[in-house]
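Enquirer: One structure follows; several queries about it will come next.
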Amino acid sequence: MTYCVGLLLNDGIVMLSDSRTNAGVDSISTFGKMHTWEKPGDRAIVLTTAGNLSLSQSVVTLLKEGFADEDGKSCDLMQATSMFEAAGMVGAAIREVARRDGEGLKEQGVEPNLSMLLGGQIGSKPHELYMLYYAGNFIRATEDTPFLQIGEIKYGKPILDRVITPATPLVQAAKCALVSMDSTLRSNISVGLPLDLAILPKGTLKFALKKRITDQDPYFASIRGLWGEGLRKVFLTIPDPDWGV
């Protein structure tokens, strides 16, 4: 399992992912789930993945090497003219990998599953954020829904619902994403460090930050402590119910 979140803001895009792909009493595997394509001044694109690791790695390999879709059209994220076209290319890569490997996995008793978040900006076109499904179809984040999540989403969603709006500044949005991740880490062993964080300001066409966060990161450690302490303090300020119990 995994947890990835993408935030579509007036000022740009924030993306955060964990790196745990398997968890058990004696088995923990770590693989990066964030992948970027960047040509400063032209485009900056970030993709995060959740689901079957072999499928997601195959999709990313196709996207990095380039391929022809089912109609014979060349798919190369460095040649896409808009984020909508880029999302179509990622969807085509997912369908191609599903065609190659999906039935084989089912024959082995493995139900194929895969989801991805794609964010970025190309040229003068708008910065956009998409969520893609195993069928290769996708939805786009909007002002009404300015964040998208994949993987183990339920633990980190409440803080995003309460804090994130399109007007949230990038740094505050990154902080909120980290709090959302911390809530998930505390509640689900299948999500784990290290984390990958990317911040893309609108109109810059280059990442302002691409950072790996480990358990030694002082800022994330302070968030984990301050958030828990703050919640306890707020809880104690809420009056007890007058139920005569």
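Letters A, B, ... go to the chains of the structure tokens in the order shown; residues in each chain start at 1; ligands are counted from 1 in the same order.
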Excluding stretch 14-20 of chain A and any residue of its chain fewer than 5 positions from it, enumerate the residues within 7 Å of it, using only C-alpha atoms, and give them as an mmCIF file with all heavy atoms, in the first residue's frame.
Expert:
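Saved as out11.cif:
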```
data_model
loop_
_atom_site.group_PDB
_atom_site.id
_atom_site.type_symbol
_atom_site.label_atom_id
_atom_site.label_comp_id
_atom_site.auth_asym_id
_atom_site.auth_seq_id
_atom_site.Cartn_x
_atom_site.Cartn_y
_atom_site.Cartn_z
ATOM 1 N N THR A 2 0.306 2.357 -0.215
ATOM 2 C CA THR A 2 1.046 3.605 -0.295
ATOM 3 C C THR A 2 0.110 4.755 0.020
ATOM 4 O O THR A 2 -1.088 4.569 0.211
ATOM 5 C CB THR A 2 1.626 3.785 -1.712
ATOM 6 O OG1 THR A 2 2.500 4.907 -1.731
ATOM 7 C CG2 THR A 2 0.524 4.007 -2.730
ATOM 8 N N TYR A 3 0.666 5.962 0.080
ATOM 9 C CA TYR A 3 -0.157 7.159 0.166
ATOM 10 C C TYR A 3 0.530 8.268 -0.615
ATOM 11 O O TYR A 3 1.701 8.587 -0.370
ATOM 12 C CB TYR A 3 -0.364 7.593 1.618
ATOM 13 C CG TYR A 3 -1.149 8.895 1.746
ATOM 14 C CD1 TYR A 3 -2.340 9.071 1.062
ATOM 15 C CD2 TYR A 3 -0.692 9.940 2.538
ATOM 16 C CE1 TYR A 3 -3.065 10.252 1.172
ATOM 17 C CE2 TYR A 3 -1.411 11.113 2.660
ATOM 18 C CZ TYR A 3 -2.594 11.270 1.969
ATOM 19 O OH TYR A 3 -3.314 12.437 2.062
ATOM 20 N N CYS A 4 -0.196 8.827 -1.580
ATOM 21 C CA CYS A 4 0.293 9.959 -2.358
ATOM 22 C C CYS A 4 -0.804 11.015 -2.395
ATOM 23 O O CYS A 4 -1.989 10.692 -2.481
ATOM 24 C CB CYS A 4 0.628 9.553 -3.792
ATOM 25 S SG CYS A 4 1.830 8.222 -3.955
ATOM 26 N N VAL A 5 -0.390 12.283 -2.355
ATOM 27 C CA VAL A 5 -1.339 13.371 -2.410
ATOM 28 C C VAL A 5 -0.806 14.452 -3.341
ATOM 29 O O VAL A 5 0.396 14.711 -3.387
ATOM 30 C CB VAL A 5 -1.625 13.952 -0.997
ATOM 31 C CG1 VAL A 5 -0.343 14.425 -0.322
ATOM 32 C CG2 VAL A 5 -2.651 15.079 -1.051
ATOM 33 N N GLY A 6 -1.716 15.036 -4.105
ATOM 34 C CA GLY A 6 -1.381 16.154 -4.974
ATOM 35 C C GLY A 6 -2.316 17.314 -4.685
ATOM 36 O O GLY A 6 -3.519 17.117 -4.499
ATOM 37 N N LEU A 7 -1.765 18.530 -4.654
ATOM 38 C CA LEU A 7 -2.537 19.729 -4.344
ATOM 39 C C LEU A 7 -2.441 20.700 -5.521
ATOM 40 O O LEU A 7 -1.332 21.067 -5.936
ATOM 41 C CB LEU A 7 -1.999 20.402 -3.078
ATOM 42 C CG LEU A 7 -1.781 19.485 -1.862
ATOM 43 C CD1 LEU A 7 -1.139 20.269 -0.732
ATOM 44 C CD2 LEU A 7 -3.081 18.881 -1.405
ATOM 45 N N LEU A 8 -3.577 21.107 -6.040
ATOM 46 C CA LEU A 8 -3.643 22.076 -7.133
ATOM 47 C C LEU A 8 -4.039 23.430 -6.548
ATOM 48 O O LEU A 8 -5.165 23.604 -6.081
ATOM 49 C CB LEU A 8 -4.660 21.641 -8.187
ATOM 50 C CG LEU A 8 -4.826 22.584 -9.369
ATOM 51 C CD1 LEU A 8 -3.572 22.582 -10.234
ATOM 52 C CD2 LEU A 8 -6.046 22.202 -10.206
ATOM 53 N N SER A 29 9.640 -3.279 2.194
ATOM 54 C CA SER A 29 10.348 -2.898 0.979
ATOM 55 C C SER A 29 10.136 -1.418 0.702
ATOM 56 O O SER A 29 9.061 -0.874 0.966
ATOM 57 C CB SER A 29 9.848 -3.718 -0.218
ATOM 58 O OG SER A 29 10.042 -5.096 0.019
ATOM 59 N N THR A 30 11.163 -0.783 0.157
ATOM 60 C CA THR A 30 11.110 0.645 -0.121
ATOM 61 C C THR A 30 11.444 0.909 -1.577
ATOM 62 O O THR A 30 12.492 0.474 -2.066
ATOM 63 C CB THR A 30 12.098 1.415 0.783
ATOM 64 O OG1 THR A 30 11.732 1.221 2.146
ATOM 65 C CG2 THR A 30 12.078 2.900 0.468
ATOM 66 N N PHE A 31 10.545 1.586 -2.270
ATOM 67 C CA PHE A 31 10.760 1.997 -3.652
ATOM 68 C C PHE A 31 10.202 3.406 -3.813
ATOM 69 O O PHE A 31 9.093 3.689 -3.354
ATOM 70 C CB PHE A 31 10.056 1.065 -4.637
ATOM 71 C CG PHE A 31 10.671 -0.298 -4.759
ATOM 72 C CD1 PHE A 31 10.284 -1.323 -3.907
ATOM 73 C CD2 PHE A 31 11.647 -0.555 -5.709
ATOM 74 C CE1 PHE A 31 10.842 -2.589 -4.015
ATOM 75 C CE2 PHE A 31 12.207 -1.813 -5.825
ATOM 76 C CZ PHE A 31 11.816 -2.834 -4.980
ATOM 77 N N GLY A 32 10.949 4.276 -4.489
ATOM 78 C CA GLY A 32 10.448 5.611 -4.763
ATOM 79 C C GLY A 32 9.234 5.552 -5.678
ATOM 80 O O GLY A 32 9.202 4.786 -6.646
ATOM 81 N N LYS A 33 8.232 6.361 -5.382
ATOM 82 C CA LYS A 33 6.988 6.361 -6.156
ATOM 83 C C LYS A 33 6.752 7.694 -6.857
ATOM 84 O O LYS A 33 5.680 7.909 -7.425
ATOM 85 C CB LYS A 33 5.814 6.050 -5.235
ATOM 86 C CG LYS A 33 5.964 4.710 -4.520
ATOM 87 C CD LYS A 33 4.966 4.574 -3.405
ATOM 88 C CE LYS A 33 5.305 3.339 -2.569
ATOM 89 N NZ LYS A 33 4.453 3.240 -1.379
ATOM 90 N N MET A 34 7.744 8.579 -6.811
ATOM 91 C CA MET A 34 7.633 9.873 -7.470
ATOM 92 C C MET A 34 8.649 9.946 -8.610
ATOM 93 O O MET A 34 9.821 9.610 -8.433
ATOM 94 C CB MET A 34 7.876 11.014 -6.488
ATOM 95 C CG MET A 34 7.771 12.401 -7.125
ATOM 96 S SD MET A 34 7.989 13.756 -5.943
ATOM 97 C CE MET A 34 6.430 13.658 -5.045
ATOM 98 N N THR A 48 3.176 10.383 -9.525
ATOM 99 C CA THR A 48 3.283 9.490 -8.371
ATOM 100 C C THR A 48 2.406 8.271 -8.620
ATOM 101 O O THR A 48 1.400 8.344 -9.325
ATOM 102 C CB THR A 48 2.867 10.177 -7.058
ATOM 103 O OG1 THR A 48 1.484 10.561 -7.132
ATOM 104 C CG2 THR A 48 3.722 11.407 -6.796
ATOM 105 N N LEU A 170 1.813 27.936 -1.274
ATOM 106 C CA LEU A 170 2.520 26.689 -1.539
ATOM 107 C C LEU A 170 3.186 26.111 -0.295
ATOM 108 O O LEU A 170 3.092 24.909 -0.034
ATOM 109 C CB LEU A 170 3.576 26.906 -2.629
ATOM 110 C CG LEU A 170 3.063 27.099 -4.053
ATOM 111 C CD1 LEU A 170 4.222 27.415 -4.989
ATOM 112 C CD2 LEU A 170 2.327 25.857 -4.537
ATOM 113 N N ALA A 174 2.331 22.578 1.472
ATOM 114 C CA ALA A 174 3.307 21.511 1.702
ATOM 115 C C ALA A 174 3.274 21.074 3.156
ATOM 116 O O ALA A 174 3.350 19.876 3.458
ATOM 117 C CB ALA A 174 4.704 21.992 1.310
ATOM 118 N N ALA A 177 0.242 18.942 3.630
ATOM 119 C CA ALA A 177 0.450 17.613 3.042
ATOM 120 C C ALA A 177 1.285 16.743 3.972
ATOM 121 O O ALA A 177 1.014 15.541 4.129
ATOM 122 C CB ALA A 177 1.123 17.750 1.682
ATOM 123 N N SER A 190 1.390 0.099 6.485
ATOM 124 C CA SER A 190 1.719 -0.130 5.082
ATOM 125 C C SER A 190 2.192 1.135 4.367
ATOM 126 O O SER A 190 2.506 1.105 3.182
ATOM 127 C CB SER A 190 0.509 -0.709 4.336
ATOM 128 O OG SER A 190 -0.506 0.260 4.197
ATOM 129 N N VAL A 191 2.226 2.267 5.087
ATOM 130 C CA VAL A 191 2.751 3.526 4.558
ATOM 131 C C VAL A 191 3.972 3.894 5.379
ATOM 132 O O VAL A 191 3.930 3.825 6.611
ATOM 133 C CB VAL A 191 1.687 4.643 4.630
ATOM 134 C CG1 VAL A 191 2.254 5.961 4.114
ATOM 135 C CG2 VAL A 191 0.437 4.241 3.860
ATOM 136 N N GLY A 192 5.065 4.277 4.717
ATOM 137 C CA GLY A 192 6.273 4.521 5.493
ATOM 138 C C GLY A 192 7.261 5.456 4.832
ATOM 139 O O GLY A 192 7.208 5.730 3.634
ATOM 140 N N LEU A 193 8.194 5.940 5.643
ATOM 141 C CA LEU A 193 9.290 6.784 5.190
ATOM 142 C C LEU A 193 10.279 5.957 4.379
ATOM 143 O O LEU A 193 10.325 4.722 4.528
ATOM 144 C CB LEU A 193 9.991 7.396 6.412
ATOM 145 C CG LEU A 193 9.167 8.401 7.226
ATOM 146 C CD1 LEU A 193 9.748 8.537 8.617
ATOM 147 C CD2 LEU A 193 9.147 9.745 6.532
ATOM 148 N N PRO A 194 11.119 6.647 3.560
ATOM 149 C CA PRO A 194 11.202 8.087 3.335
ATOM 150 C C PRO A 194 10.075 8.608 2.442
ATOM 151 O O PRO A 194 9.377 7.825 1.779
ATOM 152 C CB PRO A 194 12.566 8.259 2.664
ATOM 153 C CG PRO A 194 12.811 6.961 1.985
ATOM 154 C CD PRO A 194 12.211 5.916 2.861
ATOM 155 N N LEU A 195 9.936 9.935 2.443
ATOM 156 C CA LEU A 195 8.931 10.609 1.646
ATOM 157 C C LEU A 195 9.608 11.384 0.517
ATOM 158 O O LEU A 195 10.778 11.766 0.631
ATOM 159 C CB LEU A 195 8.124 11.589 2.503
ATOM 160 C CG LEU A 195 7.611 11.094 3.847
ATOM 161 C CD1 LEU A 195 6.925 12.231 4.596
ATOM 162 C CD2 LEU A 195 6.670 9.911 3.663
ATOM 163 N N ASP A 196 8.862 11.624 -0.546
ATOM 164 C CA ASP A 196 9.345 12.475 -1.639
ATOM 165 C C ASP A 196 8.375 13.635 -1.806
ATOM 166 O O ASP A 196 7.163 13.428 -1.940
ATOM 167 C CB ASP A 196 9.469 11.687 -2.941
ATOM 168 C CG ASP A 196 10.618 10.691 -2.896
ATOM 169 O OD1 ASP A 196 11.752 11.127 -2.616
ATOM 170 O OD2 ASP A 196 10.385 9.488 -3.111
ATOM 171 N N LEU A 197 8.927 14.855 -1.815
ATOM 172 C CA LEU A 197 8.128 16.082 -1.891
ATOM 173 C C LEU A 197 8.583 16.900 -3.095
ATOM 174 O O LEU A 197 9.785 17.070 -3.321
ATOM 175 C CB LEU A 197 8.304 16.901 -0.611
ATOM 176 C CG LEU A 197 7.670 18.292 -0.576
ATOM 177 C CD1 LEU A 197 6.149 18.208 -0.605
ATOM 178 C CD2 LEU A 197 8.134 19.056 0.663
ATOM 179 N N ALA A 198 7.623 17.380 -3.871
ATOM 180 C CA ALA A 198 7.921 18.253 -5.011
ATOM 181 C C ALA A 198 7.014 19.474 -4.952
ATOM 182 O O ALA A 198 5.809 19.351 -4.687
ATOM 183 C CB ALA A 198 7.726 17.511 -6.330
ATOM 184 N N ILE A 199 7.603 20.652 -5.194
ATOM 185 C CA ILE A 199 6.851 21.906 -5.233
ATOM 186 C C ILE A 199 7.133 22.582 -6.563
ATOM 187 O O ILE A 199 8.296 22.833 -6.920
ATOM 188 C CB ILE A 199 7.238 22.835 -4.063
ATOM 189 C CG1 ILE A 199 6.925 22.168 -2.726
ATOM 190 C CG2 ILE A 199 6.499 24.170 -4.178
ATOM 191 C CD1 ILE A 199 7.331 23.000 -1.518
ATOM 192 N N LEU A 200 6.066 22.883 -7.313
ATOM 193 C CA LEU A 200 6.182 23.515 -8.624
ATOM 194 C C LEU A 200 5.390 24.821 -8.627
ATOM 195 O O LEU A 200 4.165 24.795 -8.702
ATOM 196 C CB LEU A 200 5.647 22.576 -9.713
ATOM 197 C CG LEU A 200 5.546 23.154 -11.127
ATOM 198 C CD1 LEU A 200 6.913 23.574 -11.640
ATOM 199 C CD2 LEU A 200 4.884 22.159 -12.069
#
```
Enquirer: Near stretch 156-162 of chain A, within 7 Å and counting only C-alpha atoms, which residues show up once chain neighbours fewer than 3 positions away are dropped, as a list in words?
Expert: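 Listing them by chain and then by number gives Ile153, Cys176, Ser180, Met181, Ser183 and Thr184 of chain A.
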Enquirer: Rank nothing, just name the residue among A:Phe138, A:Trp227, A:Trp243, A:Tyr133 nearest to A:Gly88, using only C-alpha atoms.
Expert: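 Nearest candidate to A:Gly88 out of A:Phe138, A:Trp227, A:Trp243, A:Tyr133: A:Phe138.
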Enquirer: As a compact mmCIF listing (two decimals) with N, CA, C and O atoms, in the first residue's frame, please: all residues of stretch 15-176 of chain A that backbone DSSP puts in helix (DSSP H, G or I).
Expert:
```txt
# COMPACT_ATOMS: atom_id res chain seq x y z
N LEU A 53 3.45 -2.85 -7.90
CA LEU A 53 4.75 -2.25 -8.19
C LEU A 53 5.24 -2.61 -9.58
O LEU A 53 5.78 -1.74 -10.30
N SER A 54 5.07 -3.85 -10.00
CA SER A 54 5.57 -4.24 -11.32
C SER A 54 4.84 -3.48 -12.42
O SER A 54 5.45 -3.05 -13.41
N LEU A 55 3.52 -3.28 -12.25
CA LEU A 55 2.76 -2.53 -13.25
C LEU A 55 3.20 -1.08 -13.29
O LEU A 55 3.41 -0.51 -14.37
N SER A 56 3.35 -0.45 -12.12
CA SER A 56 3.72 0.96 -12.09
C SER A 56 5.12 1.18 -12.64
O SER A 56 5.37 2.14 -13.37
N GLN A 57 6.06 0.27 -12.34
CA GLN A 57 7.40 0.40 -12.89
C GLN A 57 7.39 0.26 -14.41
O GLN A 57 8.12 0.97 -15.11
N SER A 58 6.56 -0.63 -14.93
CA SER A 58 6.47 -0.81 -16.38
C SER A 58 5.90 0.44 -17.04
O SER A 58 6.37 0.86 -18.11
N VAL A 59 4.88 1.03 -16.43
CA VAL A 59 4.29 2.25 -16.97
C VAL A 59 5.32 3.37 -17.01
O VAL A 59 5.47 4.07 -18.03
N VAL A 60 6.05 3.55 -15.92
CA VAL A 60 7.05 4.62 -15.86
C VAL A 60 8.15 4.37 -16.89
O VAL A 60 8.62 5.31 -17.55
N THR A 61 8.56 3.12 -17.06
CA THR A 61 9.59 2.82 -18.06
C THR A 61 9.12 3.18 -19.46
O THR A 61 9.86 3.78 -20.25
N LEU A 62 7.87 2.82 -19.80
CA LEU A 62 7.33 3.20 -21.10
C LEU A 62 7.35 4.71 -21.29
O LEU A 62 7.73 5.22 -22.35
N LEU A 63 6.95 5.43 -20.26
CA LEU A 63 6.87 6.88 -20.35
C LEU A 63 8.25 7.52 -20.50
O LEU A 63 8.42 8.52 -21.19
N LYS A 64 9.24 6.94 -19.86
CA LYS A 64 10.59 7.50 -19.94
C LYS A 64 11.27 7.16 -21.26
O LYS A 64 12.07 7.93 -21.77
N GLU A 65 10.95 6.00 -21.81
CA GLU A 65 11.58 5.58 -23.07
C GLU A 65 10.81 6.05 -24.29
O GLU A 65 11.36 6.15 -25.39
N MET A 83 -0.96 19.53 -20.44
CA MET A 83 -1.07 18.50 -19.40
C MET A 83 -2.21 17.54 -19.73
O MET A 83 -2.14 16.37 -19.37
N PHE A 84 -3.24 18.01 -20.42
CA PHE A 84 -4.31 17.09 -20.84
C PHE A 84 -3.75 16.04 -21.79
O PHE A 84 -4.07 14.85 -21.67
N GLU A 85 -2.92 16.46 -22.74
CA GLU A 85 -2.31 15.50 -23.66
C GLU A 85 -1.37 14.57 -22.89
O GLU A 85 -1.32 13.36 -23.18
N ALA A 86 -0.63 15.10 -21.92
CA ALA A 86 0.26 14.27 -21.11
C ALA A 86 -0.54 13.22 -20.35
O ALA A 86 -0.13 12.05 -20.26
N ALA A 87 -1.68 13.60 -19.80
CA ALA A 87 -2.53 12.65 -19.08
C ALA A 87 -3.01 11.54 -20.02
O ALA A 87 -3.08 10.37 -19.65
N GLY A 88 -3.33 11.91 -21.26
CA GLY A 88 -3.72 10.91 -22.24
C GLY A 88 -2.60 9.92 -22.53
O GLY A 88 -2.84 8.72 -22.71
N MET A 89 -1.36 10.42 -22.56
CA MET A 89 -0.21 9.55 -22.78
C MET A 89 -0.01 8.59 -21.61
O MET A 89 0.27 7.40 -21.81
N VAL A 90 -0.16 9.09 -20.40
CA VAL A 90 -0.03 8.21 -19.23
C VAL A 90 -1.13 7.16 -19.25
O VAL A 90 -0.89 5.97 -18.98
N GLY A 91 -2.35 7.56 -19.59
CA GLY A 91 -3.44 6.60 -19.70
C GLY A 91 -3.16 5.53 -20.74
O GLY A 91 -3.44 4.35 -20.53
N ALA A 92 -2.58 5.94 -21.87
CA ALA A 92 -2.24 4.97 -22.92
C ALA A 92 -1.16 4.00 -22.43
O ALA A 92 -1.21 2.80 -22.74
N ALA A 93 -0.19 4.50 -21.66
CA ALA A 93 0.84 3.63 -21.10
C ALA A 93 0.24 2.62 -20.13
O ALA A 93 0.62 1.44 -20.12
N ILE A 94 -0.70 3.07 -19.32
CA ILE A 94 -1.36 2.15 -18.38
C ILE A 94 -2.11 1.06 -19.14
O ILE A 94 -2.02 -0.13 -18.81
N ARG A 95 -2.83 1.44 -20.18
CA ARG A 95 -3.58 0.44 -20.96
C ARG A 95 -2.64 -0.55 -21.64
O ARG A 95 -2.93 -1.75 -21.73
N GLU A 96 -1.50 -0.06 -22.13
CA GLU A 96 -0.54 -0.95 -22.78
C GLU A 96 0.02 -1.97 -21.79
O GLU A 96 0.13 -3.16 -22.10
N VAL A 97 0.37 -1.52 -20.60
CA VAL A 97 0.89 -2.44 -19.59
C VAL A 97 -0.20 -3.41 -19.13
O VAL A 97 0.06 -4.61 -18.92
N ALA A 98 -1.42 -2.92 -19.00
CA ALA A 98 -2.53 -3.81 -18.63
C ALA A 98 -2.74 -4.88 -19.70
O ALA A 98 -3.02 -6.04 -19.38
N ARG A 99 -2.62 -4.49 -20.97
CA ARG A 99 -2.78 -5.45 -22.07
C ARG A 99 -1.70 -6.53 -22.01
O ARG A 99 -1.98 -7.72 -22.20
N ARG A 100 -0.47 -6.10 -21.71
CA ARG A 100 0.65 -7.04 -21.68
C ARG A 100 0.60 -7.97 -20.47
O ARG A 100 0.84 -9.17 -20.57
N ASP A 101 0.32 -7.40 -19.31
CA ASP A 101 0.55 -8.13 -18.06
C ASP A 101 -0.71 -8.43 -17.24
O ASP A 101 -0.66 -9.25 -16.33
N GLY A 102 -1.82 -7.74 -17.53
CA GLY A 102 -2.99 -7.86 -16.68
C GLY A 102 -3.54 -9.27 -16.57
O GLY A 102 -3.77 -9.79 -15.47
N GLU A 103 -3.74 -9.92 -17.69
CA GLU A 103 -4.31 -11.27 -17.67
C GLU A 103 -3.36 -12.27 -17.02
O GLU A 103 -3.79 -13.19 -16.31
N GLY A 104 -2.05 -12.10 -17.26
CA GLY A 104 -1.08 -12.99 -16.64
C GLY A 104 -1.12 -12.90 -15.12
O GLY A 104 -1.02 -13.93 -14.43
N LEU A 105 -1.28 -11.69 -14.60
CA LEU A 105 -1.39 -11.54 -13.15
C LEU A 105 -2.65 -12.22 -12.63
O LEU A 105 -2.63 -12.89 -11.59
N LYS A 106 -3.76 -12.04 -13.33
CA LYS A 106 -5.01 -12.67 -12.90
C LYS A 106 -4.89 -14.18 -12.87
O LYS A 106 -5.43 -14.84 -11.98
N GLU A 107 -4.18 -14.75 -13.86
CA GLU A 107 -4.00 -16.20 -13.90
C GLU A 107 -3.21 -16.71 -12.69
O GLU A 107 -3.37 -17.86 -12.28
N LYS A 157 -7.10 12.50 4.83
CA LYS A 157 -8.06 13.38 4.17
C LYS A 157 -8.66 14.45 5.07
O LYS A 157 -8.87 15.59 4.62
N PRO A 158 -8.98 14.17 6.36
CA PRO A 158 -9.66 15.19 7.16
C PRO A 158 -8.91 16.52 7.26
O PRO A 158 -9.53 17.59 7.17
N ILE A 159 -7.58 16.50 7.43
CA ILE A 159 -6.85 17.75 7.55
C ILE A 159 -6.86 18.50 6.22
O ILE A 159 -6.95 19.74 6.18
N LEU A 160 -6.80 17.78 5.11
CA LEU A 160 -6.85 18.43 3.80
C LEU A 160 -8.21 19.10 3.59
O LEU A 160 -8.30 20.21 3.07
N ASP A 161 -9.28 18.39 3.98
CA ASP A 161 -10.63 18.95 3.83
C ASP A 161 -10.78 20.25 4.60
O ASP A 161 -11.46 21.18 4.15
N ARG A 162 -10.16 20.34 5.76
CA ARG A 162 -10.33 21.50 6.63
C ARG A 162 -9.42 22.67 6.28
O ARG A 162 -9.72 23.82 6.60
N VAL A 163 -8.29 22.39 5.64
CA VAL A 163 -7.28 23.44 5.45
C VAL A 163 -7.13 23.89 4.00
O VAL A 163 -7.02 25.08 3.73
N LEU A 170 1.81 27.94 -1.27
CA LEU A 170 2.52 26.69 -1.54
C LEU A 170 3.19 26.11 -0.29
O LEU A 170 3.09 24.91 -0.03
N VAL A 171 3.87 26.94 0.47
CA VAL A 171 4.59 26.43 1.64
C VAL A 171 3.61 25.90 2.68
O VAL A 171 3.84 24.84 3.29
N GLN A 172 2.50 26.60 2.90
CA GLN A 172 1.50 26.11 3.85
C GLN A 172 0.85 24.83 3.34
O GLN A 172 0.54 23.92 4.12
N ALA A 173 0.66 24.75 2.03
CA ALA A 173 0.08 23.53 1.45
C ALA A 173 1.03 22.35 1.65
O ALA A 173 0.59 21.23 1.96
N ALA A 174 2.33 22.58 1.47
CA ALA A 174 3.31 21.51 1.70
C ALA A 174 3.27 21.07 3.16
O ALA A 174 3.35 19.88 3.46
N LYS A 175 3.16 22.03 4.06
CA LYS A 175 3.06 21.70 5.49
C LYS A 175 1.82 20.86 5.77
O LYS A 175 1.88 19.85 6.49
N CYS A 176 0.70 21.23 5.16
CA CYS A 176 -0.53 20.48 5.36
C CYS A 176 -0.41 19.07 4.79
O CYS A 176 -0.87 18.10 5.39
```
Enquirer: Based on DSSP run over this structure's backbone, return all residues of stretch 1-174 of chain A in strand (DSSP E), as a PyMOL selection string.
Expert: chain A and resi 3-9+12-17+20-22+29-30+34-39+43-51+67-68+74-75+114-122+128-132+138-140+147-151
Enquirer: What is the atom CA of A:Asp215 to atom CA of A:Val179 distance in Å?
Expert: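 Separating atom CA of A:Asp215 from atom CA of A:Val179 is a distance of 14.4 Å.
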